[in-house]
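model21.csv, holding CSV, C-alpha atoms:
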```csv
chain,number,residue,atom,x,y,z
A,53,MET,CA,-11.6,-15.3,14.9
A,54,GLY,CA,-15.3,-15.1,14.1
A,55,PHE,CA,-15.6,-11.6,15.7
A,56,ILE,CA,-12.5,-10.4,13.8
A,57,SER,CA,-13.9,-11.7,10.5
A,58,VAL,CA,-17.2,-10.0,11.0
A,59,PHE,CA,-15.5,-6.8,12.1
A,60,PHE,CA,-13.2,-6.9,9.1
A,61,ASN,CA,-16.1,-7.3,6.7
A,62,VAL,CA,-18.4,-4.8,8.4
A,63,VAL,CA,-15.8,-2.1,8.8
A,64,LEU,CA,-13.7,-2.5,5.7
A,65,VAL,CA,-14.9,-4.9,3.0
A,66,ASP,CA,-18.6,-4.0,2.9
A,67,PRO,CA,-18.1,-0.2,2.9
A,68,MET,CA,-15.4,-0.8,0.2
A,69,ILE,CA,-17.8,-2.7,-2.0
A,70,ASN,CA,-20.4,0.1,-1.8
A,71,ILE,CA,-17.8,2.8,-2.5
A,72,LEU,CA,-16.5,0.9,-5.5
A,73,VAL,CA,-20.1,0.4,-6.9
A,74,MET,CA,-20.8,4.1,-6.3
A,75,LEU,CA,-17.6,5.1,-8.0
A,76,TYR,CA,-18.5,2.8,-10.8
A,77,ILE,CA,-21.7,4.7,-11.3
A,78,PHE,CA,-19.9,8.0,-11.0
A,79,CYS,CA,-17.3,7.0,-13.6
A,80,SER,CA,-19.9,6.2,-16.2
A,81,GLU,CA,-19.9,2.5,-15.4
A,82,ASN,CA,-16.2,2.0,-16.0
A,83,PHE,CA,-14.9,-0.2,-13.2
A,84,GLY,CA,-11.2,0.5,-14.1
A,85,TRP,CA,-11.6,4.2,-13.5
A,86,ALA,CA,-13.6,3.4,-10.3
A,87,ILE,CA,-10.5,1.5,-9.0
A,88,ILE,CA,-8.2,4.3,-10.0
A,89,VAL,CA,-10.3,7.0,-8.3
A,90,PHE,CA,-10.6,4.7,-5.3
A,91,THR,CA,-6.8,4.4,-5.2
A,92,PHE,CA,-6.4,8.2,-5.2
A,93,ILE,CA,-8.9,8.4,-2.3
A,94,VAL,CA,-7.0,5.9,-0.2
A,95,ARG,CA,-3.7,7.5,-0.9
A,96,GLY,CA,-5.1,11.0,-0.3
A,97,ALA,CA,-6.3,9.8,3.1
A,98,LEU,CA,-2.8,8.6,3.8
A,99,THR,CA,-1.2,11.8,2.6
A,100,PRO,CA,-0.6,13.2,6.1
A,101,LEU,CA,1.2,10.0,7.0
A,102,SER,CA,3.2,10.0,3.8
A,103,VAL,CA,4.3,13.6,4.4
A,104,ARG,CA,5.4,12.6,7.9
A,105,GLN,CA,7.2,9.6,6.4
A,106,SER,CA,9.1,11.8,4.0
A,107,LYS,CA,10.1,14.1,6.9
A,108,GLN,CA,11.2,11.2,9.0
A,109,PHE,CA,13.4,9.8,6.1
A,110,LYS,CA,15.1,13.2,5.7
A,111,ALA,CA,15.7,13.6,9.5
A,112,MET,CA,17.1,10.0,9.7
A,113,GLY,CA,19.5,10.8,6.8
A,114,ALA,CA,20.7,13.9,8.7
A,115,LEU,CA,21.4,11.8,11.8
A,116,GLN,CA,23.5,9.2,10.0
A,117,PRO,CA,26.9,10.8,10.9
A,118,LYS,CA,25.9,11.0,14.5
A,119,LEU,CA,24.7,7.4,14.5
A,120,LYS,CA,28.0,6.2,12.9
A,121,ALA,CA,29.9,8.1,15.6
A,122,LEU,CA,27.9,6.4,18.3
A,123,GLN,CA,28.6,3.0,16.8
A,124,GLU,CA,32.3,3.7,16.8
A,125,LYS,CA,32.3,5.1,20.3
A,126,TYR,CA,30.4,2.1,21.8
A,127,LYS,CA,31.3,-0.6,19.3
A,128,ASN,CA,31.9,-3.1,22.1
A,129,ASP,CA,28.6,-2.4,23.9
A,130,ARG,CA,25.6,-3.2,21.8
A,131,SER,CA,23.2,-2.4,24.7
A,132,ARG,CA,24.7,1.1,25.0
A,133,ILE,CA,24.5,1.6,21.2
A,134,SER,CA,20.8,0.8,21.3
A,135,SER,CA,20.0,3.1,24.2
A,136,GLU,CA,22.1,6.0,22.8
A,137,THR,CA,20.5,5.6,19.4
A,138,MET,CA,17.0,5.8,20.9
A,139,LYS,CA,18.0,8.8,22.9
A,140,LEU,CA,19.3,10.5,19.8
A,141,TYR,CA,16.1,9.7,18.0
A,142,ARG,CA,14.0,11.1,20.8
A,143,GLU,CA,16.1,14.3,21.0
A,144,ASN,CA,15.5,15.0,17.3
A,145,GLY,CA,11.9,13.9,17.2
A,146,VAL,CA,12.6,11.0,14.9
A,147,SER,CA,10.7,7.7,15.1
A,148,PRO,CA,11.8,4.7,12.9
A,149,LEU,CA,8.3,3.4,13.1
A,150,GLY,CA,7.0,6.6,11.7
A,151,CYS,CA,8.7,5.6,8.4
A,152,LEU,CA,6.5,2.5,8.1
A,153,GLY,CA,3.1,4.0,9.0
A,154,PRO,CA,1.6,4.3,5.4
A,155,THR,CA,2.9,0.9,4.5
A,156,PHE,CA,1.3,-0.8,7.5
A,157,LEU,CA,-2.0,1.0,7.1
A,158,GLN,CA,-2.2,0.2,3.4
A,159,MET,CA,-1.9,-3.5,3.9
A,160,PRO,CA,-5.4,-4.0,5.5
A,161,VAL,CA,-6.8,-1.9,2.7
A,162,PHE,CA,-5.1,-4.1,0.2
A,163,PHE,CA,-6.5,-7.3,1.7
A,164,ALA,CA,-9.9,-5.8,2.1
A,165,LEU,CA,-9.8,-4.7,-1.6
A,166,PHE,CA,-8.9,-8.3,-2.5
A,167,TRP,CA,-12.2,-9.5,-1.0
A,168,ALA,CA,-14.2,-6.5,-2.1
A,169,LEU,CA,-13.2,-7.1,-5.7
A,170,ARG,CA,-14.2,-10.7,-5.5
A,171,GLY,CA,-17.5,-9.7,-3.8
A,172,THR,CA,-18.2,-6.8,-6.3
A,173,LEU,CA,-17.5,-9.0,-9.4
A,174,PRO,CA,-19.4,-12.2,-8.6
A,175,SER,CA,-18.9,-15.1,-10.9
A,176,THR,CA,-22.0,-17.1,-10.0
A,177,PRO,CA,-25.7,-16.3,-9.3
A,178,GLU,CA,-25.2,-17.3,-5.7
A,179,ASN,CA,-22.4,-14.8,-5.2
A,180,LEU,CA,-24.6,-12.2,-7.0
A,181,THR,CA,-27.2,-12.7,-4.3
A,182,LYS,CA,-24.6,-12.3,-1.6
A,183,LEU,CA,-23.5,-9.1,-3.2
A,184,SER,CA,-27.0,-7.7,-3.1
A,185,ASP,CA,-27.1,-8.4,0.6
A,186,LYS,CA,-24.0,-6.3,1.1
A,187,LEU,CA,-25.2,-3.3,-0.8
A,188,TYR,CA,-26.6,-0.3,1.2
A,189,SER,CA,-30.1,0.1,-0.2
A,190,TRP,CA,-30.3,3.7,0.8
A,191,LEU,CA,-27.5,4.7,-1.7
A,192,PRO,CA,-29.1,6.1,-4.9
A,193,GLY,CA,-29.0,3.8,-7.9
A,194,ILE,CA,-26.7,1.2,-6.3
A,195,ASN,CA,-28.8,-1.9,-7.0
A,196,GLN,CA,-29.5,-0.9,-10.6
A,197,ALA,CA,-25.7,-0.8,-11.3
A,198,ILE,CA,-25.4,-4.6,-10.6
A,199,PRO,CA,-24.0,-6.7,-12.3
A,200,ILE,CA,-20.9,-4.7,-13.0
A,201,ASP,CA,-19.1,-4.7,-16.3
A,202,ASP,CA,-15.4,-5.4,-15.5
A,203,ASP,CA,-13.9,-4.7,-18.9
A,204,PHE,CA,-11.1,-2.1,-18.9
A,205,LEU,CA,-8.8,-1.5,-21.8
A,206,GLY,CA,-9.5,-5.0,-23.0
A,207,LEU,CA,-8.8,-6.6,-19.6
A,208,SER,CA,-11.3,-8.3,-17.4
A,209,LEU,CA,-10.6,-6.8,-13.9
A,210,GLY,CA,-12.5,-9.7,-12.2
A,211,LYS,CA,-10.3,-12.4,-13.7
A,212,ILE,CA,-7.0,-13.6,-12.5
A,213,THR,CA,-4.2,-11.7,-14.2
A,214,THR,CA,-2.9,-14.8,-16.2
A,215,ASP,CA,-6.4,-15.2,-17.7
A,216,ASN,CA,-6.2,-11.9,-19.5
A,217,PRO,CA,-4.3,-11.0,-22.7
A,218,LEU,CA,-0.6,-10.2,-22.1
A,219,PRO,CA,-0.7,-12.1,-18.8
A,220,TYR,CA,2.8,-11.0,-17.7
A,221,LEU,CA,2.4,-7.3,-18.4
A,222,LEU,CA,0.7,-6.3,-15.1
A,223,PRO,CA,3.0,-8.5,-12.9
A,224,ILE,CA,6.0,-6.8,-14.5
A,225,LEU,CA,4.5,-3.4,-14.0
A,226,VAL,CA,3.7,-4.2,-10.4
A,227,GLY,CA,7.3,-5.4,-9.8
A,228,VAL,CA,8.9,-2.4,-11.6
A,229,SER,CA,6.6,0.2,-9.9
A,230,THR,CA,7.2,-1.4,-6.5
A,231,PHE,CA,11.0,-1.3,-7.1
A,232,PHE,CA,11.0,2.4,-7.8
A,233,MET,CA,8.5,3.2,-5.0
A,234,GLN,CA,10.8,1.4,-2.5
A,235,LYS,CA,13.9,3.1,-4.0
A,236,SER,CA,12.3,6.6,-3.7
A,237,SER,CA,11.1,6.0,-0.1
A,238,SER,CA,13.8,3.9,1.4
A,239,PRO,CA,15.3,5.5,4.6
A,240,PRO,CA,19.1,6.1,4.8
A,241,SER,CA,20.7,3.1,6.4
A,242,SER,CA,23.9,2.2,8.2
A,243,PRO,CA,26.6,0.2,6.5
A,244,GLN,CA,25.4,-2.9,8.5
A,245,GLN,CA,21.9,-2.5,7.1
A,246,GLU,CA,22.8,-1.7,3.5
A,247,SER,CA,23.1,-5.3,2.4
A,248,THR,CA,19.7,-6.2,3.9
A,249,ASN,CA,18.0,-3.2,2.4
A,250,ARG,CA,19.6,-4.0,-1.0
A,251,MET,CA,18.2,-7.5,-0.8
A,252,LEU,CA,14.7,-6.3,0.1
A,253,LEU,CA,14.9,-3.7,-2.7
A,254,TRP,CA,15.1,-6.5,-5.2
A,255,MET,CA,13.3,-9.3,-3.4
A,256,MET,CA,10.0,-7.5,-2.6
A,257,PRO,CA,9.2,-6.4,-6.2
A,258,GLY,CA,9.9,-9.9,-7.4
A,259,MET,CA,7.7,-11.4,-4.8
A,260,LEU,CA,4.8,-9.0,-5.4
A,261,GLY,CA,5.1,-9.4,-9.2
A,262,TYR,CA,5.0,-13.2,-8.8
A,263,PHE,CA,1.9,-13.0,-6.4
A,264,THR,CA,0.2,-10.8,-8.9
A,265,LEU,CA,0.0,-13.7,-11.3
A,266,PHE,CA,-2.6,-15.2,-9.0
A,267,PHE,CA,-4.5,-12.1,-8.0
A,268,GLU,CA,-7.5,-10.4,-9.7
A,269,THR,CA,-6.5,-8.0,-12.4
A,270,GLY,CA,-8.3,-5.2,-10.6
A,271,LEU,CA,-6.0,-5.7,-7.6
A,272,ALA,CA,-2.9,-5.3,-9.9
A,273,LEU,CA,-4.3,-2.1,-11.2
A,274,TYR,CA,-4.8,-0.8,-7.7
A,275,TRP,CA,-1.2,-1.7,-6.7
A,276,ILE,CA,0.4,-0.1,-9.8
A,277,VAL,CA,-1.6,3.2,-9.4
A,278,SER,CA,-0.8,3.2,-5.6
A,279,ASN,CA,2.9,2.7,-6.3
A,280,VAL,CA,3.0,5.5,-8.8
A,281,ILE,CA,1.4,7.9,-6.3
A,282,GLY,CA,3.8,6.6,-3.6
A,283,ILE,CA,6.7,7.5,-5.9
A,284,ILE,CA,5.4,11.0,-6.5
A,285,ILE,CA,4.5,11.9,-2.9
A,286,PRO,CA,7.9,11.5,-1.2
A,287,VAL,CA,9.6,13.5,-4.0
A,288,SER,CA,7.0,16.2,-3.7
A,289,TYR,CA,7.8,16.7,0.0
A,290,THR,CA,11.6,16.4,0.1
A,291,HIS,CA,11.9,20.1,0.9
A,292,LEU,CA,10.0,19.7,4.1
A,293,THR,CA,11.9,19.5,7.4
A,294,LEU,CA,11.1,17.8,10.6
A,295,PRO,CA,10.9,20.1,13.6
A,296,THR,CA,13.4,19.2,16.3
A,297,LYS,CA,13.2,19.6,20.0
A,298,ALA,CA,15.1,22.4,21.6
```
As structure tokens, please, write out the structure in this file.
Amino acid sequence: MGFISVFFNVVLVDPMINILVMLYIFCSENFGWAIIVFTFIVRGALTPLSVRQSKQFKAMGALQPKLKALQEKYKNDRSRISSETMKLYRENGVSPLGCLGPTFLQMPVFFALFWALRGTLPSTPENLTKLSDKLYSWLPGINQAIPIDDDFLGLSLGKITTDNPLPYLLPILVGVSTFFMQKSSSPPSSPQQESTNRMLLWMMPGMLGYFTLFFETGLALYWIVSNVIGIIIPVSYTHLTLPTKA
């Protein structure tokens, strides 16, 4: 676990702290805009996967009639249904896991950002010293930018969401944006999966909105902007088709 923790910090958290501080300098020392620009950078890096995800969703939708026919044909043989379904996916170049790529890859970024925000906005002199140790001294002006002003539109981005004015506004925005992001990117499902998908469509936004009450405000800002981008990207690429095997 010690190696994993060191690797996580060295590869994700520490670079993220330095990127956020440099963006803070670039954005005229506005940490809110630094987080927004950072979110665009992360989502931009995930754009190829998001495009692939949109293609996979469209391809899976086109296969639904064939999948339903397979389920009817082999309704008494679950093993045969599974094998024929995978065969159909392979023949059409579709991977169910490909629909989840951006989601899985964004989670480590989310957790790393959680710790990076706490590290970038230290609340005690001791933590300020720890922050100085994490900064790359060779980056121009980075040490002079500390400590960071976390005020953004009257919100303190380093504080827990409920410690700010209108404490429930951001959790509601997180929940609503998550709902629409999921709705715009949910793959077509079989009748057997519809009830589960419907439950997740309502449960996940509620859970994330609730958890936001205990997260730093800057993290809520990241999640809202990321969801908005996630809503736009699949819609922008719905005209793309997934090449199929001959």
request  = Between atom CA of Phe55 of chain A and atom CA of Ala97 of chain A, measure the distance and give it in Å to one decimal.
outcome  = 26.5 Å
task = Write out as a ChimeraX atom specification each polymer residue whose atoms come within 10 Å of Phe266 of chain A, counting all atoms listed in the file; drop sequence neighbours fewer than 6 positions from it.
result = /A:211-215,223,272
ask   = Separation of atom CA of Gln108 of chain A and atom CA of Val146 of chain A, in Å?
value =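 Answer for the atom CA of Gln108 of chain A to atom CA of Val146 of chain A separation: 6.1 Å.
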ask   = Which residues come within 12 Å of Val280 of chain A, counting all atoms listed in the file, excluding same-chain residues fewer than 2 positions away, as a ChimeraX atom specification?
value = /A:88,91-92,95,225-234,236-237,273-278,282-287
key: Selected residue, from A:Met256, A:Ile200, A:Val65, A:Val58, that lies nearest to Ala86 of chain A when counting all atoms listed in the file   = A:Ile200
Exercise: segment 130-139 of chain A partners within 12 Å, all atoms listed in the file, chain neighbours under 2 positions left out, as a PyMOL selection string = chain A and resi 112+115-128+141-149
ask   = With distances taken over all atoms listed in the file, which of A:Tyr188, A:Trp167, A:Phe78, A:Phe267 is nearest to Phe60 of chain A?
value = A:Trp167
message = Between atom CA of Ile87 of chain A and atom CA of Phe163 of chain A, what distance in Å does the model show, to one decimal?
response =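 Between atom CA of Ile87 of chain A and atom CA of Phe163 of chain A the gap is 14.4 Å.
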request  = Have a look at A:Phe109, A:Thr172, A:Ile71, A:Pro257 and name the one nearest to Gly270 of chain A; count only C-alpha atoms.
outcome  =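 Closest to Gly270 of chain A of all the choices is A:Thr172.
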request  = Have a look at A:Leu265, A:Tyr76, A:Val103, A:Met68 and name the one nearest to Val89 of chain A; count all atoms listed in the file.
outcome  = A:Tyr76
request  = Considering only C-alpha atoms, return as number ranges by chain whatever protein or nucleic-acid residues lie within 8 Å of Phe204 of chain A, sequence-local ones (same chain, fewer than 4 positions apart) excluded.
outcome  = A: 82-84, 208-209
Those same residues, written as an mmCIF file, in the coordinates of the input with C-alpha atoms?
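As written to disk, out-v1.cif reads:
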```
data_model
loop_
_atom_site.group_PDB
_atom_site.id
_atom_site.type_symbol
_atom_site.label_atom_id
_atom_site.label_comp_id
_atom_site.auth_asym_id
_atom_site.auth_seq_id
_atom_site.Cartn_x
_atom_site.Cartn_y
_atom_site.Cartn_z
ATOM 1 C CA ASN A 82 -16.200 2.000 -16.000
ATOM 2 C CA PHE A 83 -14.900 -0.200 -13.200
ATOM 3 C CA GLY A 84 -11.200 0.500 -14.100
ATOM 4 C CA SER A 208 -11.300 -8.300 -17.400
ATOM 5 C CA LEU A 209 -10.600 -6.800 -13.900
#
```
task = Can you work out which one of A:Val161, A:Ala197, A:Leu221, A:Leu253 has the shortest atom-to-atom distance to Cys79 of chain A, counting all atoms listed in the file?
result =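 Among the listed residues, the smallest separation from Cys79 of chain A belongs to A:Ala197.
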